[in-house]
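*Asks:* Here you go, data33.cif (mmCIF, C-alpha atoms):
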data_start
#
loop_
_atom_site.label_atom_id
_atom_site.label_comp_id
_atom_site.auth_asym_id
_atom_site.auth_seq_id
_atom_site.Cartn_x
_atom_site.Cartn_y
_atom_site.Cartn_z
CA MET V 86 121.80 -0.44 113.32
CA SER V 87 125.41 0.65 113.59
CA GLU V 88 126.96 -1.17 116.58
CA ALA V 89 127.79 -4.87 116.66
CA ILE V 90 125.57 -6.92 118.97
CA THR V 91 127.15 -9.11 121.64
CA LEU V 92 126.95 -12.83 121.04
CA PRO V 93 125.04 -14.40 123.96
CA GLN V 94 126.76 -17.01 126.14
CA ALA V 95 125.19 -20.37 126.96
CA HIS V 96 124.10 -19.37 130.49
CA GLU V 97 122.29 -16.30 129.14
CA LEU V 98 120.01 -18.35 126.91
CA SER V 99 116.70 -19.93 127.89
CA GLN V 100 116.05 -23.64 127.39
CA ARG V 101 113.40 -22.76 124.85
CA GLU V 102 115.91 -20.82 122.72
CA LYS V 103 118.33 -23.75 122.79
CA ASP V 104 115.57 -26.20 121.80
CA ASP V 105 114.38 -23.96 118.96
CA ALA V 106 117.95 -23.57 117.71
CA LEU V 107 118.74 -27.29 117.74
CA ALA V 108 115.48 -28.07 115.91
CA ALA V 109 116.60 -25.80 113.05
CA TYR V 110 119.27 -28.36 112.06
CA LEU V 111 116.87 -31.26 112.43
CA MET V 112 114.85 -29.77 109.56
CA ASN V 113 117.39 -31.64 107.40
CA PHE V 114 115.36 -34.72 108.17
CA ALA V 115 112.00 -33.18 107.29
CA ALA V 116 111.63 -35.26 104.13
CA TRP V 117 112.00 -38.44 106.18
CA GLY V 118 109.43 -37.17 108.66
CA ALA V 119 106.90 -36.31 105.99
CA GLY V 120 107.64 -39.54 104.10
CA LEU V 121 108.04 -37.56 100.87
CA PRO V 122 111.33 -38.24 99.06
CA ILE V 123 111.49 -34.79 97.45
CA PRO V 124 115.05 -33.39 97.44
CA SER V 125 113.91 -29.80 98.03
CA LEU V 126 111.53 -30.55 100.91
CA ASN V 127 114.24 -30.20 103.58
CA LEU V 128 115.13 -26.76 102.27
CA ILE V 129 111.46 -25.72 102.20
CA ALA V 130 110.99 -26.98 105.78
CA ALA V 131 114.12 -25.14 106.95
CA TRP V 132 112.92 -21.98 105.22
CA VAL V 133 109.43 -22.22 106.79
CA TYR V 134 111.05 -22.82 110.18
CA PHE V 135 113.26 -19.78 109.66
CA LEU V 136 110.24 -17.63 108.77
CA ILE V 137 108.45 -18.77 111.92
CA ASN V 138 111.42 -18.19 114.22
CA ARG V 139 113.28 -15.26 112.67
CA ARG V 140 111.91 -12.74 115.16
CA LYS V 141 112.06 -14.89 118.30
CA SER V 142 115.65 -14.17 119.31
CA ARG V 143 118.96 -13.50 117.59
CA PHE V 144 120.40 -16.81 118.73
CA VAL V 145 117.47 -18.79 117.28
CA ALA V 146 117.33 -16.67 114.11
CA PHE V 147 121.10 -17.11 113.59
CA HIS V 148 120.85 -20.91 113.75
CA CYS V 149 117.70 -21.02 111.59
CA PHE V 150 119.35 -18.82 108.95
CA GLN V 151 122.56 -20.84 108.98
CA ALA V 152 120.69 -24.17 108.82
CA CYS V 153 118.54 -22.91 105.95
CA THR V 154 121.20 -21.27 103.77
CA SER V 155 123.80 -24.00 104.30
CA GLN V 156 121.33 -26.50 102.80
CA ILE V 157 121.23 -24.74 99.46
CA PRO V 158 124.36 -26.39 97.90
CA THR V 159 123.46 -29.96 98.89
CA THR V 160 119.84 -29.41 97.83
CA LEU V 161 121.01 -28.20 94.42
CA PHE V 162 123.33 -31.22 94.06
CA ASN V 163 120.43 -33.53 94.96
CA ILE V 164 118.03 -31.83 92.56
CA VAL V 165 120.55 -32.10 89.70
CA GLY V 166 121.12 -35.81 90.48
CA VAL V 167 117.43 -36.66 90.71
CA GLY V 168 116.69 -34.45 87.69
CA MET V 169 119.35 -36.24 85.62
CA PHE V 170 117.93 -39.64 86.56
CA VAL V 171 114.33 -38.62 85.81
CA ASP V 172 115.31 -36.95 82.55
CA TYR V 173 117.40 -39.79 81.13
CA VAL V 174 115.64 -42.86 82.49
CA LEU V 175 112.00 -41.89 82.92
CA ILE V 176 111.49 -39.24 80.24
CA LEU V 177 114.03 -39.89 77.46
CA ASN V 178 114.26 -43.65 78.21
CA ARG V 179 118.02 -43.61 77.53
CA ASP V 180 121.06 -44.98 79.33
CA LEU V 181 122.49 -42.80 82.06
CA PRO V 182 125.52 -40.72 81.02
CA ARG V 183 128.98 -41.86 82.14
CA ILE V 184 129.29 -38.95 84.54
CA PHE V 185 126.16 -39.95 86.49
CA TRP V 186 127.64 -42.42 88.99
CA PRO V 187 130.71 -40.32 89.85
CA TYR V 188 128.29 -37.44 90.32
CA VAL V 189 126.10 -39.54 92.63
CA ALA V 190 129.19 -40.49 94.66
CA PHE V 191 130.10 -36.81 94.93
CA ALA V 192 126.53 -35.88 95.96
CA VAL V 193 126.38 -38.66 98.57
CA LEU V 194 129.74 -37.56 99.99
CA THR V 195 128.58 -33.94 100.14
CA ASN V 196 125.36 -34.99 101.87
CA LEU V 197 127.25 -37.08 104.41
CA ILE V 198 129.63 -34.22 105.21
CA TYR V 199 126.73 -31.85 105.54
CA LEU V 200 124.82 -34.32 107.71
CA GLY V 201 127.79 -34.70 110.04
CA SER V 202 128.27 -30.93 110.28
CA SER V 203 124.56 -30.45 110.96
CA ILE V 204 124.53 -33.00 113.77
CA TYR V 205 127.60 -31.34 115.30
CA ALA V 206 126.01 -27.87 115.03
CA CYS V 207 122.78 -29.30 116.43
CA VAL V 208 124.54 -30.70 119.51
CA LEU V 209 126.33 -27.40 120.10
CA ALA V 210 123.09 -25.42 119.65
CA ALA V 211 121.44 -27.64 122.29
CA LYS V 212 124.22 -26.56 124.66
CA GLY V 213 123.73 -22.89 123.77
CA ARG V 214 126.90 -22.65 121.68
CA VAL V 215 127.47 -21.75 118.05
CA HIS V 216 129.24 -23.57 115.25
CA TYR V 217 130.08 -21.63 112.12
CA PHE V 218 129.70 -23.40 108.79
CA LEU V 219 132.01 -22.42 105.95
CA VAL V 220 130.78 -19.23 104.26
CA PHE V 221 127.23 -19.57 105.63
CA GLY V 222 128.36 -19.22 109.25
CA ARG V 223 129.99 -15.85 108.54
CA TRP V 224 126.98 -14.77 106.54
CA ALA V 225 124.58 -15.68 109.37
CA TYR V 226 126.84 -14.01 111.94
CA ALA V 227 127.04 -10.83 109.88
CA ARG V 228 123.27 -10.83 109.47
CA TYR V 229 122.44 -11.18 113.16
CA TYR V 230 125.49 -9.98 115.11
CA GLY V 231 127.53 -7.94 112.65
CA PRO V 232 127.80 -4.15 112.42
CA ASN V 233 124.86 -4.04 110.01
CA ALA V 234 122.74 -6.67 111.75
CA VAL V 235 119.06 -6.79 110.86
CA GLY V 236 116.51 -5.70 113.46
CA LEU V 237 114.12 -8.25 114.91
CA GLU V 238 111.36 -5.74 115.57
CA THR V 239 108.15 -6.24 113.64
CA LYS V 240 106.99 -3.27 111.63
CA ALA V 241 104.05 -1.46 113.21
CA ALA V 242 100.87 -1.94 111.21
CA PRO V 243 99.82 1.29 109.47
CA GLY V 244 96.91 2.98 111.19
CA ASN V 245 93.51 3.40 109.52
CA LEU V 246 93.14 6.68 107.69
CA PRO V 247 90.10 8.39 106.13
CA PRO V 248 89.91 8.38 102.32
CA ALA V 249 92.07 10.92 100.50
CA GLY V 250 90.46 14.34 100.36
CA PHE V 251 88.56 14.16 103.68
CA MET J 298 94.62 -32.67 130.27
CA LYS J 299 91.33 -30.84 130.44
CA PHE J 300 88.89 -30.84 127.57
CA ASP J 301 85.29 -29.80 127.70
CA ILE J 302 82.52 -28.41 125.54
CA THR J 303 79.94 -26.24 127.24
CA GLN J 304 76.44 -27.34 126.36
CA GLN J 305 74.34 -24.50 124.99
CA GLU J 306 70.91 -23.70 126.44
CA SER J 307 69.44 -24.19 122.99
CA PHE J 308 70.81 -24.95 119.55
CA SER J 309 69.96 -23.07 116.38
CA ARG J 310 67.82 -25.05 113.94
CA SER J 311 68.75 -22.84 111.02
CA GLU J 312 72.49 -23.36 111.68
CA LEU J 313 71.87 -27.08 111.94
CA LEU J 314 70.23 -27.17 108.53
CA LEU J 315 72.84 -24.89 107.03
CA ARG J 316 75.65 -27.13 108.36
CA THR J 317 73.91 -30.27 107.16
CA PHE J 318 73.34 -29.13 103.59
CA LEU J 319 76.12 -26.63 102.96
CA GLY J 320 78.62 -27.55 105.68
CA TRP J 321 80.80 -29.37 103.18
CA LEU J 322 81.19 -26.11 101.27
CA TYR J 323 81.77 -23.50 103.94
CA ILE J 324 83.28 -25.64 106.72
CA ALA J 325 84.80 -28.84 105.31
CA VAL J 326 86.46 -27.45 102.17
CA PRO J 327 88.34 -24.47 103.69
CA HIS J 328 89.31 -26.32 106.86
CA THR J 329 90.49 -29.44 105.03
CA LEU J 330 92.49 -27.39 102.57
CA VAL J 331 94.38 -25.49 105.27
CA LEU J 332 94.64 -28.46 107.65
CA PHE J 333 96.24 -30.54 104.90
CA PHE J 334 99.28 -28.24 104.73
CA VAL J 335 99.36 -27.61 108.47
CA GLY J 336 99.14 -31.39 108.89
CA ILE J 337 102.28 -31.93 106.77
CA TRP J 338 104.12 -29.41 108.93
CA SER J 339 102.76 -31.08 112.06
CA THR J 340 104.01 -34.49 110.86
CA ILE J 341 107.47 -33.05 110.29
CA LEU J 342 107.50 -31.45 113.75
CA HIS J 343 106.33 -34.69 115.38
CA PHE J 344 109.15 -36.56 113.71
CA ILE J 345 111.73 -34.00 114.81
CA ALA J 346 110.26 -33.82 118.31
CA TRP J 347 110.69 -37.59 118.59
CA TRP J 348 114.44 -37.24 118.08
CA VAL J 349 114.68 -34.26 120.39
CA ILE J 350 112.91 -36.21 123.16
CA LEU J 351 115.19 -39.18 122.56
CA PHE J 352 118.31 -37.09 123.09
CA THR J 353 117.16 -34.45 125.58
CA GLY J 354 114.15 -36.03 127.34
CA ARG J 355 112.13 -32.87 126.66
CA TYR J 356 109.47 -31.95 124.14
CA PRO J 357 110.50 -28.65 122.47
CA ALA J 358 108.17 -26.07 124.03
CA SER J 359 107.37 -24.24 120.80
CA PHE J 360 106.55 -27.53 119.02
CA PHE J 361 104.34 -28.50 121.95
CA GLU J 362 102.42 -25.23 121.77
CA PHE J 363 101.97 -25.67 118.02
CA HIS J 364 100.51 -29.15 118.48
CA VAL J 365 98.19 -28.08 121.29
CA LYS J 366 96.88 -25.25 119.11
CA MET J 367 96.40 -27.66 116.24
CA LEU J 368 94.53 -30.10 118.48
CA ALA J 369 92.34 -27.24 119.73
CA TRP J 370 91.59 -26.39 116.10
CA THR J 371 90.57 -29.95 115.23
CA MET J 372 88.49 -30.20 118.42
CA ARG J 373 86.48 -27.05 117.66
CA LEU J 374 86.01 -28.31 114.12
CA HIS J 375 84.70 -31.63 115.50
CA ALA J 376 82.51 -29.83 118.03
CA VAL J 377 80.75 -27.90 115.28
CA THR J 378 80.54 -30.69 112.71
CA TRP J 379 79.18 -33.10 115.34
CA ASN J 380 76.51 -30.49 116.23
CA LEU J 381 77.86 -30.10 119.76
CA ALA J 382 78.29 -26.35 119.35
CA ASP J 383 76.89 -23.66 117.11
CA GLY J 384 78.96 -21.01 115.37
CA TYR J 385 81.74 -21.17 112.84
CA PRO J 386 84.96 -22.92 113.93
CA ALA J 387 87.78 -20.40 113.55
CA ILE J 388 90.37 -21.32 110.92
CA GLY J 389 93.96 -21.13 112.10
CA LEU J 390 96.10 -21.91 115.10
CA ALA J 391 95.33 -18.66 116.90
CA GLY J 392 91.56 -19.13 116.78
CA SER J 393 89.25 -20.21 119.57
CA HIS J 394 85.62 -21.14 120.17
CA PRO J 395 83.69 -19.86 123.19
CA ALA J 396 82.21 -23.29 123.95
CA VAL J 397 85.34 -25.41 123.52
CA ALA J 398 88.04 -25.48 126.22
CA LEU J 399 91.28 -27.40 125.95
CA ASP J 400 94.20 -27.27 128.34
CA VAL J 401 97.20 -29.56 127.96
CA PRO J 402 99.93 -29.10 130.58
CA TYR J 403 103.49 -28.99 129.24
CA PRO J 404 105.52 -31.96 130.53
CA GLU J 405 108.86 -30.80 131.93
CA SER J 406 110.41 -34.17 131.12
CA LEU J 407 109.38 -37.25 129.18
CA SER J 408 110.52 -40.83 129.56
CA ARG J 409 112.85 -42.03 126.80
CA ALA J 410 111.97 -45.65 127.60
CA LYS J 411 108.26 -44.96 127.06
CA LEU J 412 109.13 -43.09 123.87
CA LEU J 413 110.86 -46.17 122.45
CA LEU J 414 108.17 -48.47 123.80
CA ARG J 415 105.48 -46.44 122.02
CA ALA J 416 107.49 -46.28 118.80
CA PHE J 417 108.08 -50.03 118.59
CA PHE J 418 105.13 -51.56 120.45
CA GLY J 419 102.59 -48.70 120.53
CA VAL J 420 100.45 -50.42 117.93
CA ILE J 421 100.15 -53.51 120.13
CA TYR J 422 99.47 -52.01 123.53
CA VAL J 423 97.83 -48.70 122.56
CA SER J 424 96.42 -48.58 119.04
CA ILE J 425 94.83 -52.04 118.88
CA PRO J 426 93.03 -52.08 122.27
CA HIS J 427 91.96 -48.44 122.08
CA GLY J 428 91.09 -48.72 118.38
CA PHE J 429 88.90 -51.75 119.13
CA CYS J 430 86.99 -49.95 121.90
CA LEU J 431 86.79 -46.67 120.02
CA TYR J 432 85.36 -48.44 116.98
CA PHE J 433 82.27 -49.48 118.94
CA ARG J 434 82.16 -46.16 120.78
CA MET J 435 82.24 -44.34 117.46
CA LEU J 436 79.32 -46.44 116.22
CA ALA J 437 77.35 -45.38 119.30
CA THR J 438 78.47 -41.77 118.84
CA SER J 439 77.37 -41.77 115.20
CA PHE J 440 73.98 -43.14 116.22
CA LEU J 441 73.64 -40.51 118.96
CA ASN J 442 74.72 -37.80 116.52
CA PHE J 443 71.93 -38.92 114.22
CA LEU J 444 69.40 -38.84 117.06
CA SER J 445 70.76 -35.49 118.28
CA TRP J 446 70.21 -34.03 114.84
CA TRP J 447 66.49 -34.82 115.03
CA SER J 448 66.37 -33.72 118.64
CA ILE J 449 67.80 -30.30 117.74
CA LEU J 450 65.49 -30.01 114.76
CA PHE J 451 62.34 -30.59 116.82
CA SER J 452 63.24 -29.29 120.28
CA GLY J 453 66.38 -27.17 119.76
CA GLN J 454 68.15 -29.19 122.46
CA ILE J 455 70.24 -32.32 123.00
CA PRO J 456 69.71 -34.53 126.09
CA ALA J 457 72.62 -33.87 128.47
CA ASN J 458 73.75 -37.51 128.66
CA TRP J 459 73.92 -37.86 124.86
CA PHE J 460 75.90 -34.64 124.72
CA GLN J 461 78.32 -35.79 127.43
CA PHE J 462 78.78 -39.16 125.75
CA ASN J 463 79.78 -37.52 122.46
CA VAL J 464 82.10 -35.07 124.22
CA GLY J 465 83.58 -38.09 126.02
CA THR J 466 84.35 -39.75 122.68
CA LEU J 467 86.25 -36.64 121.60
CA ARG J 468 88.06 -36.57 124.96
CA TRP J 469 89.07 -40.23 124.59
CA MET J 470 90.39 -39.62 121.05
CA LEU J 471 92.25 -36.57 122.27
CA ARG J 472 93.95 -38.45 125.13
CA LEU J 473 94.93 -41.19 122.69
CA ASN J 474 96.39 -38.63 120.29
CA LEU J 475 98.36 -36.93 123.05
CA TYR J 476 99.85 -40.21 124.20
CA MET J 477 100.74 -41.47 120.74
CA ALA J 478 102.17 -38.06 119.80
CA ASN J 479 104.55 -38.32 122.78
CA MET J 480 103.00 -35.25 124.38
CA THR J 481 102.32 -37.06 127.64
CA ASP J 482 103.56 -40.17 129.41
CA ASP J 483 100.17 -40.97 130.98
CA TYR J 484 98.58 -44.03 129.39
CA PRO J 485 95.10 -42.98 128.14
CA PRO J 486 92.24 -44.48 130.20
CA PHE J 487 89.61 -46.61 128.47
CA SER J 488 87.00 -43.99 129.17
CA GLY J 489 85.80 -40.65 127.92
CA LYS J 490 85.03 -39.30 131.37
CA PRO J 491 87.09 -36.37 132.63
CA ILE J 492 89.73 -37.32 135.14
CA PRO J 493 89.21 -35.48 138.46
CA ALA J 494 91.90 -32.86 139.06
CA ALA J 495 93.00 -34.56 142.32
CA VAL J 496 93.67 -37.87 140.54
CA GLU J 497 95.53 -36.10 137.75
CA THR J 498 97.75 -34.24 140.22
CA ALA J 499 98.47 -37.43 142.14
CA ALA J 500 99.44 -39.22 138.91
CA ALA J 501 101.78 -36.37 137.99
#
Mind turning this structure into structure tokens?

*Replies:*
Amino acid sequence: MSEAITLPQAHELSQREKDDALAAYLMNFAAWGAGLPIPSLNLIAAWVYFLINRRKSRFVAFHCFQACTSQIPTTLFNIVGVGMFVDYVLILNRDLPRIFWPYVAFAVLTNLIYLGSSIYACVLAAKGRVHYFLVFGRWAYARYYGPNAVGLETKAAPGNLPPAGF
Amino acid sequence: MKFDITQQESFSRSELLLRTFLGWLYIAVPHTLVLFFVGIWSTILHFIAWWVILFTGRYPASFFEFHVKMLAWTMRLHAVTWNLADGYPAIGLAGSHPAVALDVPYPESLSRAKLLLRAFFGVIYVSIPHGFCLYFRMLATSFLNFLSWWSILFSGQIPANWFQFNVGTLRWMLRLNLYMANMTDDYPPFSGKPIPAAVETAAA
């Protein structure tokens, strides 16, 4: 693909596309929905949702990709925090290091900022608009609307052939 | 909502025995394994759909289709395990069974007030009364399933009224699920009988 693809405007999108796009950001709450307090579950849910929707439309795929990739930093922060707690308290049975609580404060702040951004992006997606996250927004845009945007077409299944030699 | 299972002319005795003695291996194990993971995904989607309905008043169409397909899957699984239909229930959301028909109309809009009412008081006005009635209905269904098993073994058939009663139990459970999953605003009737199309249209 060599030419950039035009970004669709709100009136050009179907209600279904808008709903699918807004739901991508709500995958941040997947762990609450499943009742499983696993820090990586939200990322897994967002990734599964991206895999399901990546060929539906560029608008939906863009939001799914942005929602999924932008979760990576906060998920890593959460995993490190939970891992530190489990390692020191539950496995080694030692006091938490001095850096732990400042780190938790940093992780909570990061999560709150990300949560706010997600809700904002979610509201805009419901209206058929786009909100670009830092770094990840440009990445998602380049992937779906840039000069080298990926195609959404599914690869044709290879036809059945006789065994070699016939 | 339309749900029905077509009664076969005659049921296979060999399939009945196979299901009874090896059903746990070739039906229960693979279906349970896959449904466990699909169920987690379904729970997540239900949770998200709840918030989407709260803010937009609409059930996301793709989520709705997913849940209808999942319900169709569980219904064909029930149909076969309750000996209401022969054949192997297809695994997966895209599968179907020739005897089992399910049609759930997509609601263009849903009431936010009813959504909140269900979330906070659903246990009191839906789960408890329906659960109480369904408990006794399930006892009767289990008894009829037991009798049907012998009936199929000796005659290859199930009396039509027993069959309809058991299908009605599934229909009742299905309506209850749809209401509690926020997929419809129609309060489920305390009955397993199909609602005539005219009444359903008038209610809509």

*Asks:* Show me, as an NGL selection string, the residues that have an atom within 9 Å of region 158-164 of chain V when counting all atoms listed in the file, minus same-chain residues fewer than 2 positions from it.

*Replies:* :V and (123-128 or 154-156 or 166-169 or 188-189 or 191-193 or 195-196 or 199)

*Asks:* Could you list, as number ranges by chain, every residue matched by the PyMOL selection byres ((chain V and resi 93) around 10) in this structure?

*Replies:* V: 90-92, 94-98, 143-144, 213-215, 230

*Asks:* Identify every residue of chain V that has at least one atom within 9 Å of any atom of chain J, counting all atoms listed in the file, and report the result as a ChimeraX atom specification.

*Replies:* /V:100-101,104-105,107-108,111-112,114-120,130,211

*Asks:* Fewer than 5 positions away in the same chain doesn't count, so skip those; otherwise give me all residues within 9 Å of region 329-333 of chain J, counting only C-alpha atoms, as a PyMOL selection string.

*Replies:* chain J and resi 324+338+367+371+388-389

*Asks:* For Ala146 (chain V), work out the shell of residues within 10 Å, counting only C-alpha atoms and skipping chain neighbours fewer than 2 positions away, then give it as a list of chain:residue names.

*Replies:*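 Counting only C-alpha atoms, the residues come to V:Glu102, V:Asp105, V:Ala106, V:Ala109, V:Tyr134, V:Phe135, V:Leu136, V:Ile137, V:Asn138, V:Arg139, V:Arg140, V:Lys141, V:Ser142, V:Arg143, V:Phe144, V:His148, V:Cys149, V:Phe150, V:Gln151, V:Ala152, V:Ala225, V:Arg228, V:Tyr229, V:Leu237.
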
*Asks:* Using the chain letters and numbering of this document, enumerate as a VMD selection string the residues selected by the PyMOL selection byres ((chain J and resi 439-441) around 9).

*Replies:* chain J and resid 379 434 to 438 442 to 446 459 to 460 462 to 463

*Asks:* Store the residues of this selection in a file with C-alpha atoms, as a PDB file, in the coordinates of the input.

*Replies:*
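Written file, result13.pdb:
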ATOM      1  CA  TRP J 379      79.180 -33.100 115.340  1.00  0.00           C
ATOM      2  CA  ARG J 434      82.160 -46.160 120.780  1.00  0.00           C
ATOM      3  CA  MET J 435      82.240 -44.340 117.460  1.00  0.00           C
ATOM      4  CA  LEU J 436      79.320 -46.440 116.220  1.00  0.00           C
ATOM      5  CA  ALA J 437      77.350 -45.380 119.300  1.00  0.00           C
ATOM      6  CA  THR J 438      78.470 -41.770 118.840  1.00  0.00           C
ATOM      7  CA  ASN J 442      74.720 -37.800 116.520  1.00  0.00           C
ATOM      8  CA  PHE J 443      71.930 -38.920 114.220  1.00  0.00           C
ATOM      9  CA  LEU J 444      69.400 -38.840 117.060  1.00  0.00           C
ATOM     10  CA  SER J 445      70.760 -35.490 118.280  1.00  0.00           C
ATOM     11  CA  TRP J 446      70.210 -34.030 114.840  1.00  0.00           C
ATOM     12  CA  TRP J 459      73.920 -37.860 124.860  1.00  0.00           C
ATOM     13  CA  PHE J 460      75.900 -34.640 124.720  1.00  0.00           C
ATOM     14  CA  PHE J 462      78.780 -39.160 125.750  1.00  0.00           C
ATOM     15  CA  ASN J 463      79.780 -37.520 122.460  1.00  0.00           C
TER      16      ASN J 463
END

*Asks:* Extract, using all atoms listed in the file, all DNA, RNA and protein residues at most 12 Å from Asn474 (chain J), discarding same-chain residues fewer than 3 positions from it, and format them as an MDAnalysis selection string.

*Replies:* chainID J and resid 298 343 364:365 367:368 371:372 401 419 423:424 427:428 467:471 477:485

*Asks:* Hey, what comes out of the PyMOL selection byres ((chain J and resi 394) around 9) on this file? Could you write it as a ChimeraX atom specification?

*Replies:* /J:370,373,384-387,392-393,395-398
